[in-house]
Amino acid sequence: MFRPLSFYIGLRYTAAKRRNHFISFISLTSMIGLMLGVAVLIIVLSVMNGFDRELKQRILGMVPHATIQGAGPLDDWQSIDAKVQQHPRVLAAAPFIQGQGMVTGGGNVRGVVLNGILPEEERTVSIIENHMVEGSLNDLVSGEFGIIIGRLMAASLRLQIGDKVTVVLPEASVTPAGVLPRLKRFTVKGIFSVGAELDGNYTLIHMDDAAKLMRTGGKAEGLRLLVDDLFAAPRVSQQAAESLGGRYYVSDWTRTHGNLFQAIRMEKTMIGLLLMFIVAVAAFNIVSTLVMVVTDKTGDIAILRTMGATPGRIMRIFIVQGAVIGIFGTIVGTALGVFGALNISAFISWLEGALGHQFLSADVYFISYLPSQLQWQDVFIISGAGLAMSLLATIYPAWRASRVDPAEALRYE
């Protein structure tokens, strides 16, 4: 006889054809429900991880991890830059001048953030050089009043390399002709694309040109920092500012984009919990399946008891049967989830091309495609939770089977 006996009989009960087809149907739906619940949970959490990754790599690769600014323009930003980079956790620093305004071109107007930079310094703290579609940072030359814009802005204003645009600042200048807004003609020198909302409102100009336009006297407004750990940016920037010994103001990405990051983290947690309930419902369908199996097999249980099977052995038989359903559903669901998480981005891109419709527009969302990042830690947690709930669901039916009274069950046989 095959040993252990409980495992052998449990497998026989699982594979056997039943007289009651409804029980087989419930077993199948329980397995499929668990399978789909695990697969969907893995795919959805992978997509949320992808959004989290894109936020860190793309948006936070473009905007400053942290900034240090004085009460006014920095008189000697080079010395401040050197002191700041002495901090062990500051990887790089670059000067900037920032302002807001409007860009007009092609008969359209768009609000923008103007960033005055030094090209040779900017590439040390930003990923924009890796996302240039046309032109490069080196095309920004002092005195030429060149501007680099995003792909969405170029499409909205119908601009190409070499086109002229007018930059208008929200400040008025008093002239003999009256009060006029401050404006300047710029030439488009480059176009970048990071696939995010920054493509529509982020512009770069040379810092010398920005100083003339914003009248900072040729001085930098502040320094932007690149730190070794995003989550340490608030503390590192504060320490770096304190080391300068003067009156400086600090800001970091948690103030400018932290709400978006927190929203994604919270959505991931809440969606994970909600989808875990689906897995729980599918797992606990095993309870109803095994209860009906116990009722169907009452005579068999009574015969086993009269042949010397202990209540513990009877209990293990039905635990094995429920565990097989749970393990098979969880393993197949995990395989489907991993496959889906690895291919969901390509599938959505193909679907967008086939339908001619873009589901995620950078005008509305902060990225223009569906990202996915599979984390094996999530896979292990989801699979473990599915298996644990499946095993828990077998305890009550198995205990009920072990309590069957042989004499009562065989009375009318």
# chains A, B, ... in the order shown; residues from 1 in each chain; ligands from 1
$ select_by_dssp --residues "segment 198-366 of chain A" --states "helix (DSSP H, G or I)" --output "ChimeraX atom specification"
/A:198-201,207-214,230-244,253-256,258-296,298-306,311-355
$ closest_atom_pairs --of "segment 267-386 of chain A" --to "segment 51-63 of chain A" --cutoff "8 Å" --atoms "only C-alpha atoms" --output "Markdown table"
| residue | atom | partner | partner_atom | distance |
| --- | --- | --- | --- | --- |
| A:Ile367 | CA | A:Glu54 | CA | 7.8 |
| A:Leu370 | CA | A:Phe51 | CA | 7.9 |
| A:Pro371 | CA | A:Phe51 | CA | 6.0 |
| A:Ser372 | CA | A:Phe51 | CA | 7.3 |
| A:Gln373 | CA | A:Arg53 | CA | 7.7 |
$ residues_around --residues "Asn138 of chain A" --least-positions-apart "6" --cutoff "12 Å" --atoms "only C-alpha atoms" --output "PyMOL selection string"
chain A and resi 117-123+129+132+146-148+189-190+204-206
$ residues_around --residues "Gly245 of chain A" --least-positions-apart "6" --cutoff "12 Å" --atoms "only C-alpha atoms" --output "PDB file with all heavy atoms, in the first residue's frame"
ATOM      1  N   GLY A  70      19.593  81.073  -1.442  1.00  0.00           N
ATOM      2  CA  GLY A  70      19.835  82.108  -0.456  1.00  0.00           C
ATOM      3  C   GLY A  70      18.686  83.089  -0.397  1.00  0.00           C
ATOM      4  O   GLY A  70      17.670  82.947  -1.092  1.00  0.00           O
ATOM      5  N   ILE A  80      30.200  77.989  -3.059  1.00  0.00           N
ATOM      6  CA  ILE A  80      29.119  77.285  -2.364  1.00  0.00           C
ATOM      7  C   ILE A  80      28.959  75.885  -2.943  1.00  0.00           C
ATOM      8  O   ILE A  80      28.772  74.911  -2.200  1.00  0.00           O
ATOM      9  CB  ILE A  80      27.802  78.083  -2.484  1.00  0.00           C
ATOM     10  CG1 ILE A  80      27.945  79.438  -1.796  1.00  0.00           C
ATOM     11  CG2 ILE A  80      26.637  77.298  -1.890  1.00  0.00           C
ATOM     12  CD1 ILE A  80      26.739  80.339  -1.967  1.00  0.00           C
ATOM     13  N   LYS A  83      31.652  73.657  -1.498  1.00  0.00           N
ATOM     14  CA  LYS A  83      31.389  73.273  -0.107  1.00  0.00           C
ATOM     15  C   LYS A  83      30.286  72.226  -0.022  1.00  0.00           C
ATOM     16  O   LYS A  83      30.379  71.267   0.751  1.00  0.00           O
ATOM     17  CB  LYS A  83      31.009  74.506   0.712  1.00  0.00           C
ATOM     18  CG  LYS A  83      32.147  75.493   0.922  1.00  0.00           C
ATOM     19  CD  LYS A  83      31.667  76.692   1.737  1.00  0.00           C
ATOM     20  CE  LYS A  83      32.786  77.704   1.919  1.00  0.00           C
ATOM     21  NZ  LYS A  83      32.319  78.913   2.688  1.00  0.00           N
ATOM     22  N   VAL A  84      29.235  72.413  -0.811  1.00  0.00           N
ATOM     23  CA  VAL A  84      28.111  71.480  -0.767  1.00  0.00           C
ATOM     24  C   VAL A  84      28.545  70.084  -1.202  1.00  0.00           C
ATOM     25  O   VAL A  84      28.144  69.067  -0.617  1.00  0.00           O
ATOM     26  CB  VAL A  84      26.953  71.991  -1.662  1.00  0.00           C
ATOM     27  CG1 VAL A  84      25.924  70.894  -1.897  1.00  0.00           C
ATOM     28  CG2 VAL A  84      26.292  73.203  -1.026  1.00  0.00           C
ATOM     29  N   GLN A 238      19.349  69.618   4.193  1.00  0.00           N
ATOM     30  CA  GLN A 238      19.391  70.442   5.397  1.00  0.00           C
ATOM     31  C   GLN A 238      20.793  70.458   5.984  1.00  0.00           C
ATOM     32  O   GLN A 238      21.302  71.519   6.395  1.00  0.00           O
ATOM     33  CB  GLN A 238      18.401  69.883   6.425  1.00  0.00           C
ATOM     34  CG  GLN A 238      18.224  70.747   7.665  1.00  0.00           C
ATOM     35  CD  GLN A 238      17.616  72.096   7.348  1.00  0.00           C
ATOM     36  OE1 GLN A 238      16.690  72.190   6.545  1.00  0.00           O
ATOM     37  NE2 GLN A 238      18.137  73.142   7.958  1.00  0.00           N
ATOM     38  N   GLN A 239      21.446  69.313   6.022  1.00  0.00           N
ATOM     39  CA  GLN A 239      22.812  69.247   6.543  1.00  0.00           C
ATOM     40  C   GLN A 239      23.776  70.042   5.668  1.00  0.00           C
ATOM     41  O   GLN A 239      24.664  70.741   6.184  1.00  0.00           O
ATOM     42  CB  GLN A 239      23.260  67.787   6.637  1.00  0.00           C
ATOM     43  CG  GLN A 239      22.512  66.969   7.668  1.00  0.00           C
ATOM     44  CD  GLN A 239      22.859  65.492   7.600  1.00  0.00           C
ATOM     45  OE1 GLN A 239      23.548  65.040   6.675  1.00  0.00           O
ATOM     46  NE2 GLN A 239      22.390  64.715   8.574  1.00  0.00           N
TER      47      GLN A 239
END
$ atom_distance --atom1 "atom CA of Ile301 of chain A" --atom2 "atom CA of Arg316 of chain A"
12.2 Å
$ atom_distance --atom1 "atom CA of Ala323 of chain A" --atom2 "atom CA of Met292 of chain A"
15.9 Å
$ residues_around --residues "Asp76 of chain A" --least-positions-apart "5" --cutoff "10 Å" --atoms "only C-alpha atoms" --output "list in words"
Asp81, Lys219 and Ala220 of chain A
$ write_last_selection --atoms "N, CA, C and O atoms" --output "compact mmCIF listing (two decimals), in the first residue's frame"
# COMPACT_ATOMS: atom_id res chain seq x y z
N ASP A 81 29.08 75.79 -4.25
CA ASP A 81 29.01 74.49 -4.92
C ASP A 81 30.09 73.56 -4.40
O ASP A 81 29.84 72.38 -4.10
N LYS A 219 23.99 86.28 -11.60
CA LYS A 219 24.22 85.38 -10.49
C LYS A 219 23.20 84.25 -10.49
O LYS A 219 22.08 84.42 -10.96
N ALA A 220 23.62 83.10 -9.94
CA ALA A 220 22.71 81.96 -9.84
C ALA A 220 21.69 82.19 -8.73
O ALA A 220 21.97 82.85 -7.72
$ closest_residue --among "A:Ser46, A:Ser349, A:Gln375, A:Thr67" --to "Leu226 of chain A" --atoms "only C-alpha atoms"
A:Thr67
$ residues_around --residues "Val113 of chain A" --least-positions-apart "5" --cutoff "6 Å" --atoms "only C-alpha atoms" --output "list in words"
Gly99, Gln100 and Tyr202 of chain A
$ write_last_selection --atoms "all heavy atoms" --output "CSV table (one decimal), in the first residue's frame"
chain,number,residue,atom,x,y,z
A,99,GLY,N,12.2,80.3,-13.2
A,99,GLY,CA,11.1,81.2,-13.2
A,99,GLY,C,9.9,80.7,-14.0
A,99,GLY,O,10.1,79.6,-14.7
A,100,GLN,N,8.8,81.3,-14.0
A,100,GLN,CA,7.7,80.9,-14.7
A,100,GLN,C,7.2,81.9,-15.7
A,100,GLN,O,7.5,83.1,-15.5
A,100,GLN,CB,6.5,80.6,-13.8
A,100,GLN,CG,6.7,79.5,-12.8
A,100,GLN,CD,5.5,79.2,-11.9
A,100,GLN,OE1,4.6,80.0,-11.8
A,100,GLN,NE2,5.5,78.0,-11.3
A,202,TYR,N,8.2,72.0,-19.4
A,202,TYR,CA,9.6,72.2,-18.8
A,202,TYR,C,10.5,72.7,-20.0
A,202,TYR,O,10.5,72.1,-21.0
A,202,TYR,CB,10.1,70.8,-18.3
A,202,TYR,CG,11.3,70.9,-17.4
A,202,TYR,CD1,11.1,71.2,-16.0
A,202,TYR,CD2,12.6,70.6,-17.9
A,202,TYR,CE1,12.2,71.2,-15.2
A,202,TYR,CE2,13.6,70.6,-17.0
A,202,TYR,CZ,13.5,70.9,-15.7
A,202,TYR,OH,14.6,70.9,-14.9
$ select_by_dssp --residues "segment 213-365 of chain A" --states "strand (DSSP E)" --output "list in words"
Ala220, Glu221, Gly222, Leu223, Arg224, Leu225, Leu226, Val227, Tyr248, Tyr249, Val250, Ser251 and Asp252 of chain A
$ write_last_selection --atoms "all heavy atoms" --output "short mmCIF file (atom, residue, chain, number, x, y, z; two decimals), in the first residue's frame"
data_model
loop_
_atom_site.label_atom_id
_atom_site.label_comp_id
_atom_site.auth_asym_id
_atom_site.auth_seq_id
_atom_site.Cartn_x
_atom_site.Cartn_y
_atom_site.Cartn_z
N ALA A 220 23.62 83.10 -9.94
CA ALA A 220 22.71 81.96 -9.84
C ALA A 220 21.69 82.19 -8.73
O ALA A 220 21.97 82.85 -7.72
CB ALA A 220 23.49 80.67 -9.58
N GLU A 221 20.51 81.64 -8.93
CA GLU A 221 19.47 81.75 -7.91
C GLU A 221 19.67 80.73 -6.80
O GLU A 221 19.30 80.96 -5.65
CB GLU A 221 18.10 81.55 -8.57
CG GLU A 221 16.92 81.63 -7.62
CD GLU A 221 15.61 81.36 -8.33
OE1 GLU A 221 15.57 81.50 -9.57
OE2 GLU A 221 14.64 81.00 -7.65
N GLY A 222 20.23 79.58 -7.15
CA GLY A 222 20.45 78.53 -6.16
C GLY A 222 21.19 77.37 -6.77
O GLY A 222 21.66 77.42 -7.92
N LEU A 223 21.32 76.30 -5.99
CA LEU A 223 21.98 75.08 -6.44
C LEU A 223 21.00 73.93 -6.34
O LEU A 223 20.25 73.81 -5.37
CB LEU A 223 23.20 74.77 -5.57
CG LEU A 223 24.38 75.74 -5.62
CD1 LEU A 223 25.43 75.31 -4.61
CD2 LEU A 223 24.98 75.81 -7.01
N ARG A 224 20.99 73.09 -7.36
CA ARG A 224 20.22 71.85 -7.30
C ARG A 224 21.17 70.71 -7.01
O ARG A 224 22.29 70.66 -7.55
CB ARG A 224 19.43 71.62 -8.58
CG ARG A 224 20.24 71.56 -9.83
CD ARG A 224 19.38 71.30 -11.05
NE ARG A 224 18.81 69.96 -11.03
CZ ARG A 224 17.98 69.49 -11.97
NH1 ARG A 224 17.63 70.27 -12.97
NH2 ARG A 224 17.51 68.26 -11.92
N LEU A 225 20.72 69.77 -6.18
CA LEU A 225 21.59 68.70 -5.69
C LEU A 225 21.12 67.35 -6.20
O LEU A 225 19.92 67.10 -6.36
CB LEU A 225 21.60 68.67 -4.16
CG LEU A 225 21.86 69.98 -3.42
CD1 LEU A 225 21.87 69.73 -1.92
CD2 LEU A 225 23.17 70.62 -3.88
N LEU A 226 22.08 66.48 -6.46
CA LEU A 226 21.83 65.08 -6.73
C LEU A 226 22.39 64.29 -5.56
O LEU A 226 23.59 64.36 -5.28
CB LEU A 226 22.51 64.65 -8.04
CG LEU A 226 22.37 63.17 -8.42
CD1 LEU A 226 20.92 62.86 -8.80
CD2 LEU A 226 23.31 62.81 -9.57
N VAL A 227 21.52 63.55 -4.85
CA VAL A 227 21.95 62.81 -3.66
C VAL A 227 21.94 61.32 -3.95
O VAL A 227 21.33 60.85 -4.92
CB VAL A 227 21.06 63.15 -2.45
CG1 VAL A 227 21.13 64.63 -2.12
CG2 VAL A 227 19.61 62.75 -2.70
N TYR A 248 20.27 80.14 4.45
CA TYR A 248 19.88 79.50 3.18
C TYR A 248 18.55 78.76 3.37
O TYR A 248 18.21 78.32 4.48
CB TYR A 248 20.96 78.51 2.72
CG TYR A 248 22.26 79.18 2.36
CD1 TYR A 248 23.29 79.31 3.29
CD2 TYR A 248 22.46 79.68 1.07
CE1 TYR A 248 24.48 79.93 2.96
CE2 TYR A 248 23.66 80.31 0.74
CZ TYR A 248 24.65 80.44 1.68
OH TYR A 248 25.83 81.06 1.36
N TYR A 249 17.84 78.64 2.26
CA TYR A 249 16.56 77.95 2.27
C TYR A 249 16.70 76.67 1.44
O TYR A 249 17.32 76.68 0.38
CB TYR A 249 15.46 78.83 1.67
CG TYR A 249 15.29 80.14 2.38
CD1 TYR A 249 15.94 81.29 1.91
CD2 TYR A 249 14.52 80.25 3.52
CE1 TYR A 249 15.80 82.50 2.55
CE2 TYR A 249 14.37 81.46 4.18
CZ TYR A 249 15.01 82.59 3.69
OH TYR A 249 14.87 83.79 4.33
N VAL A 250 16.12 75.60 1.95
CA VAL A 250 16.22 74.31 1.26
C VAL A 250 14.83 73.83 0.87
O VAL A 250 13.83 74.16 1.52
CB VAL A 250 16.90 73.24 2.14
CG1 VAL A 250 18.33 73.63 2.46
CG2 VAL A 250 16.12 72.99 3.42
N SER A 251 14.80 73.10 -0.20
CA SER A 251 13.58 72.43 -0.65
C SER A 251 14.00 71.09 -1.24
O SER A 251 15.18 70.89 -1.56
CB SER A 251 12.83 73.28 -1.68
OG SER A 251 11.64 72.63 -2.10
N ASP A 252 13.06 70.17 -1.38
CA ASP A 252 13.38 68.87 -1.94
C ASP A 252 12.17 68.32 -2.68
O ASP A 252 11.09 68.91 -2.67
CB ASP A 252 13.83 67.89 -0.85
CG ASP A 252 12.78 67.71 0.23
OD1 ASP A 252 11.86 66.91 0.01
OD2 ASP A 252 12.88 68.37 1.28
#
$ residues_around --residues "Val112 of chain A" --least-positions-apart "2" --cutoff "9 Å" --atoms "only C-alpha atoms" --output "VMD selection string"
chain A and resid 99 to 103 110 114 200 to 203
$ write_last_selection --atoms "N, CA, C and O atoms" --output "PDB file, in the first residue's frame"
ATOM      1  N   GLY A  99      12.211  80.325 -13.219  1.00  0.00           N
ATOM      2  CA  GLY A  99      11.089  81.246 -13.241  1.00  0.00           C
ATOM      3  C   GLY A  99       9.943  80.654 -14.031  1.00  0.00           C
ATOM      4  O   GLY A  99      10.087  79.614 -14.684  1.00  0.00           O
ATOM      5  N   GLN A 100       8.824  81.326 -13.979  1.00  0.00           N
ATOM      6  CA  GLN A 100       7.651  80.880 -14.703  1.00  0.00           C
ATOM      7  C   GLN A 100       7.245  81.927 -15.725  1.00  0.00           C
ATOM      8  O   GLN A 100       7.476  83.122 -15.529  1.00  0.00           O
ATOM      9  N   GLY A 101       6.678  81.459 -16.801  1.00  0.00           N
ATOM     10  CA  GLY A 101       6.259  82.383 -17.838  1.00  0.00           C
ATOM     11  C   GLY A 101       5.393  81.700 -18.859  1.00  0.00           C
ATOM     12  O   GLY A 101       4.831  80.626 -18.613  1.00  0.00           O
ATOM     13  N   MET A 102       5.271  82.302 -19.999  1.00  0.00           N
ATOM     14  CA  MET A 102       4.499  81.747 -21.106  1.00  0.00           C
ATOM     15  C   MET A 102       5.360  81.733 -22.362  1.00  0.00           C
ATOM     16  O   MET A 102       6.205  82.611 -22.552  1.00  0.00           O
ATOM     17  N   VAL A 103       5.122  80.749 -23.178  1.00  0.00           N
ATOM     18  CA  VAL A 103       5.799  80.633 -24.464  1.00  0.00           C
ATOM     19  C   VAL A 103       4.732  80.709 -25.552  1.00  0.00           C
ATOM     20  O   VAL A 103       3.730  79.992 -25.503  1.00  0.00           O
ATOM     21  N   ARG A 110       1.444  78.681 -24.189  1.00  0.00           N
ATOM     22  CA  ARG A 110       1.553  77.606 -23.192  1.00  0.00           C
ATOM     23  C   ARG A 110       2.343  78.100 -21.993  1.00  0.00           C
ATOM     24  O   ARG A 110       3.386  78.736 -22.136  1.00  0.00           O
ATOM     25  N   LEU A 114      10.684  77.998 -16.715  1.00  0.00           N
ATOM     26  CA  LEU A 114      11.958  78.342 -17.353  1.00  0.00           C
ATOM     27  C   LEU A 114      13.097  77.982 -16.410  1.00  0.00           C
ATOM     28  O   LEU A 114      13.127  78.421 -15.255  1.00  0.00           O
ATOM     29  N   GLY A 200       5.569  68.764 -21.476  1.00  0.00           N
ATOM     30  CA  GLY A 200       4.669  69.824 -21.892  1.00  0.00           C
ATOM     31  C   GLY A 200       4.888  71.163 -21.236  1.00  0.00           C
ATOM     32  O   GLY A 200       4.338  72.175 -21.695  1.00  0.00           O
ATOM     33  N   ASN A 201       5.701  71.219 -20.170  1.00  0.00           N
ATOM     34  CA  ASN A 201       5.835  72.507 -19.474  1.00  0.00           C
ATOM     35  C   ASN A 201       7.233  72.798 -18.942  1.00  0.00           C
ATOM     36  O   ASN A 201       7.417  73.721 -18.158  1.00  0.00           O
ATOM     37  N   TYR A 202       8.219  72.012 -19.356  1.00  0.00           N
ATOM     38  CA  TYR A 202       9.582  72.162 -18.830  1.00  0.00           C
ATOM     39  C   TYR A 202      10.475  72.659 -19.954  1.00  0.00           C
ATOM     40  O   TYR A 202      10.515  72.074 -21.039  1.00  0.00           O
ATOM     41  N   THR A 203      11.198  73.755 -19.728  1.00  0.00           N
ATOM     42  CA  THR A 203      12.100  74.315 -20.738  1.00  0.00           C
ATOM     43  C   THR A 203      13.453  74.606 -20.117  1.00  0.00           C
ATOM     44  O   THR A 203      13.564  74.828 -18.901  1.00  0.00           O
TER      45      THR A 203
END
$ closest_atom_pairs --of "segment 371-398 of chain A" --to "segment 269-283 of chain A" --cutoff "10 Å" --atoms "only C-alpha atoms" --output "JSON lines"
{"residue": "A:Asp378", "atom": "CA", "partner": "A:Gly272", "partner_atom": "CA", "distance": 10.0}
{"residue": "A:Ile382", "atom": "CA", "partner": "A:Met276", "partner_atom": "CA", "distance": 8.1}
{"residue": "A:Ala385", "atom": "CA", "partner": "A:Met276", "partner_atom": "CA", "distance": 8.5}
{"residue": "A:Gly386", "atom": "CA", "partner": "A:Val279", "partner_atom": "CA", "distance": 6.6}
{"residue": "A:Leu387", "atom": "CA", "partner": "A:Ala283", "partner_atom": "CA", "distance": 8.4}
{"residue": "A:Ala388", "atom": "CA", "partner": "A:Ala283", "partner_atom": "CA", "distance": 9.1}
{"residue": "A:Met389", "atom": "CA", "partner": "A:Ala283", "partner_atom": "CA", "distance": 5.9}
{"residue": "A:Ser390", "atom": "CA", "partner": "A:Ala283", "partner_atom": "CA", "distance": 5.0}
{"residue": "A:Leu391", "atom": "CA", "partner": "A:Ala283", "partner_atom": "CA", "distance": 8.5}
{"residue": "A:Leu392", "atom": "CA", "partner": "A:Ala283", "partner_atom": "CA", "distance": 8.8}
{"residue": "A:Ala393", "atom": "CA", "partner": "A:Ala283", "partner_atom": "CA", "distance": 6.7}
{"residue": "A:Thr394", "atom": "CA", "partner": "A:Ala283", "partner_atom": "CA", "distance": 9.4}
$ closest_residue --among "A:Gly299, A:Gly384, A:Phe359, A:Ala398" --to "Gly322 of chain A" --atoms "only C-alpha atoms"
A:Ala398
$ atom_distance --atom1 "atom CA of Gln69 of chain A" --atom2 "atom CA of Ala240 of chain A"
11.5 Å
$ decode --residues "segment 84-98 of chain A" --atoms "N, CA, C and O atoms" --output "PDB file, in the first residue's frame"
ATOM      1  N   VAL A  84      29.235  72.413  -0.811  1.00  0.00           N
ATOM      2  CA  VAL A  84      28.111  71.480  -0.767  1.00  0.00           C
ATOM      3  C   VAL A  84      28.545  70.084  -1.202  1.00  0.00           C
ATOM      4  O   VAL A  84      28.144  69.067  -0.617  1.00  0.00           O
ATOM      5  N   GLN A  85      29.390  70.004  -2.228  1.00  0.00           N
ATOM      6  CA  GLN A  85      29.802  68.699  -2.735  1.00  0.00           C
ATOM      7  C   GLN A  85      30.779  67.987  -1.805  1.00  0.00           C
ATOM      8  O   GLN A  85      31.106  66.818  -2.044  1.00  0.00           O
ATOM      9  N   GLN A  86      31.198  68.647  -0.745  1.00  0.00           N
ATOM     10  CA  GLN A  86      32.024  67.979   0.259  1.00  0.00           C
ATOM     11  C   GLN A  86      31.195  67.050   1.143  1.00  0.00           C
ATOM     12  O   GLN A  86      31.744  66.195   1.831  1.00  0.00           O
ATOM     13  N   HIS A  87      29.880  67.230   1.126  1.00  0.00           N
ATOM     14  CA  HIS A  87      29.019  66.325   1.888  1.00  0.00           C
ATOM     15  C   HIS A  87      29.107  64.930   1.266  1.00  0.00           C
ATOM     16  O   HIS A  87      28.978  64.780   0.043  1.00  0.00           O
ATOM     17  N   PRO A  88      29.325  63.886   2.057  1.00  0.00           N
ATOM     18  CA  PRO A  88      29.555  62.546   1.486  1.00  0.00           C
ATOM     19  C   PRO A  88      28.379  61.982   0.710  1.00  0.00           C
ATOM     20  O   PRO A  88      28.562  61.097  -0.132  1.00  0.00           O
ATOM     21  N   ARG A  89      27.173  62.482   0.952  1.00  0.00           N
ATOM     22  CA  ARG A  89      25.994  61.926   0.286  1.00  0.00           C
ATOM     23  C   ARG A  89      25.514  62.772  -0.890  1.00  0.00           C
ATOM     24  O   ARG A  89      24.534  62.435  -1.532  1.00  0.00           O
ATOM     25  N   VAL A  90      26.194  63.869  -1.160  1.00  0.00           N
ATOM     26  CA  VAL A  90      25.875  64.704  -2.323  1.00  0.00           C
ATOM     27  C   VAL A  90      26.744  64.251  -3.486  1.00  0.00           C
ATOM     28  O   VAL A  90      27.968  64.359  -3.439  1.00  0.00           O
ATOM     29  N   LEU A  91      26.125  63.731  -4.525  1.00  0.00           N
ATOM     30  CA  LEU A  91      26.865  63.214  -5.673  1.00  0.00           C
ATOM     31  C   LEU A  91      27.283  64.321  -6.632  1.00  0.00           C
ATOM     32  O   LEU A  91      28.343  64.239  -7.253  1.00  0.00           O
ATOM     33  N   ALA A  92      26.429  65.339  -6.782  1.00  0.00           N
ATOM     34  CA  ALA A  92      26.741  66.439  -7.697  1.00  0.00           C
ATOM     35  C   ALA A  92      25.849  67.624  -7.354  1.00  0.00           C
ATOM     36  O   ALA A  92      24.822  67.489  -6.681  1.00  0.00           O
ATOM     37  N   ALA A  93      26.273  68.803  -7.817  1.00  0.00           N
ATOM     38  CA  ALA A  93      25.495  70.023  -7.624  1.00  0.00           C
ATOM     39  C   ALA A  93      25.672  70.904  -8.853  1.00  0.00           C
ATOM     40  O   ALA A  93      26.720  70.866  -9.514  1.00  0.00           O
ATOM     41  N   ALA A  94      24.634  71.662  -9.178  1.00  0.00           N
ATOM     42  CA  ALA A  94      24.675  72.524 -10.359  1.00  0.00           C
ATOM     43  C   ALA A  94      23.859  73.782 -10.089  1.00  0.00           C
ATOM     44  O   ALA A  94      22.814  73.726  -9.435  1.00  0.00           O
ATOM     45  N   PRO A  95      24.311  74.941 -10.594  1.00  0.00           N
ATOM     46  CA  PRO A  95      23.578  76.195 -10.383  1.00  0.00           C
ATOM     47  C   PRO A  95      22.356  76.279 -11.295  1.00  0.00           C
ATOM     48  O   PRO A  95      22.289  75.625 -12.340  1.00  0.00           O
ATOM     49  N   PHE A  96      21.399  77.089 -10.888  1.00  0.00           N
ATOM     50  CA  PHE A  96      20.205  77.266 -11.718  1.00  0.00           C
ATOM     51  C   PHE A  96      19.563  78.617 -11.430  1.00  0.00           C
ATOM     52  O   PHE A  96      19.779  79.232 -10.381  1.00  0.00           O
ATOM     53  N   ILE A  97      18.776  79.046 -12.388  1.00  0.00           N
ATOM     54  CA  ILE A  97      17.866  80.180 -12.231  1.00  0.00           C
ATOM     55  C   ILE A  97      16.514  79.703 -12.746  1.00  0.00           C
ATOM     56  O   ILE A  97      16.424  79.181 -13.858  1.00  0.00           O
ATOM     57  N   GLN A  98      15.494  79.851 -11.947  1.00  0.00           N
ATOM     58  CA  GLN A  98      14.189  79.315 -12.327  1.00  0.00           C
ATOM     59  C   GLN A  98      13.116  80.381 -12.262  1.00  0.00           C
ATOM     60  O   GLN A  98      13.126  81.242 -11.372  1.00  0.00           O
TER      61      GLN A  98
END
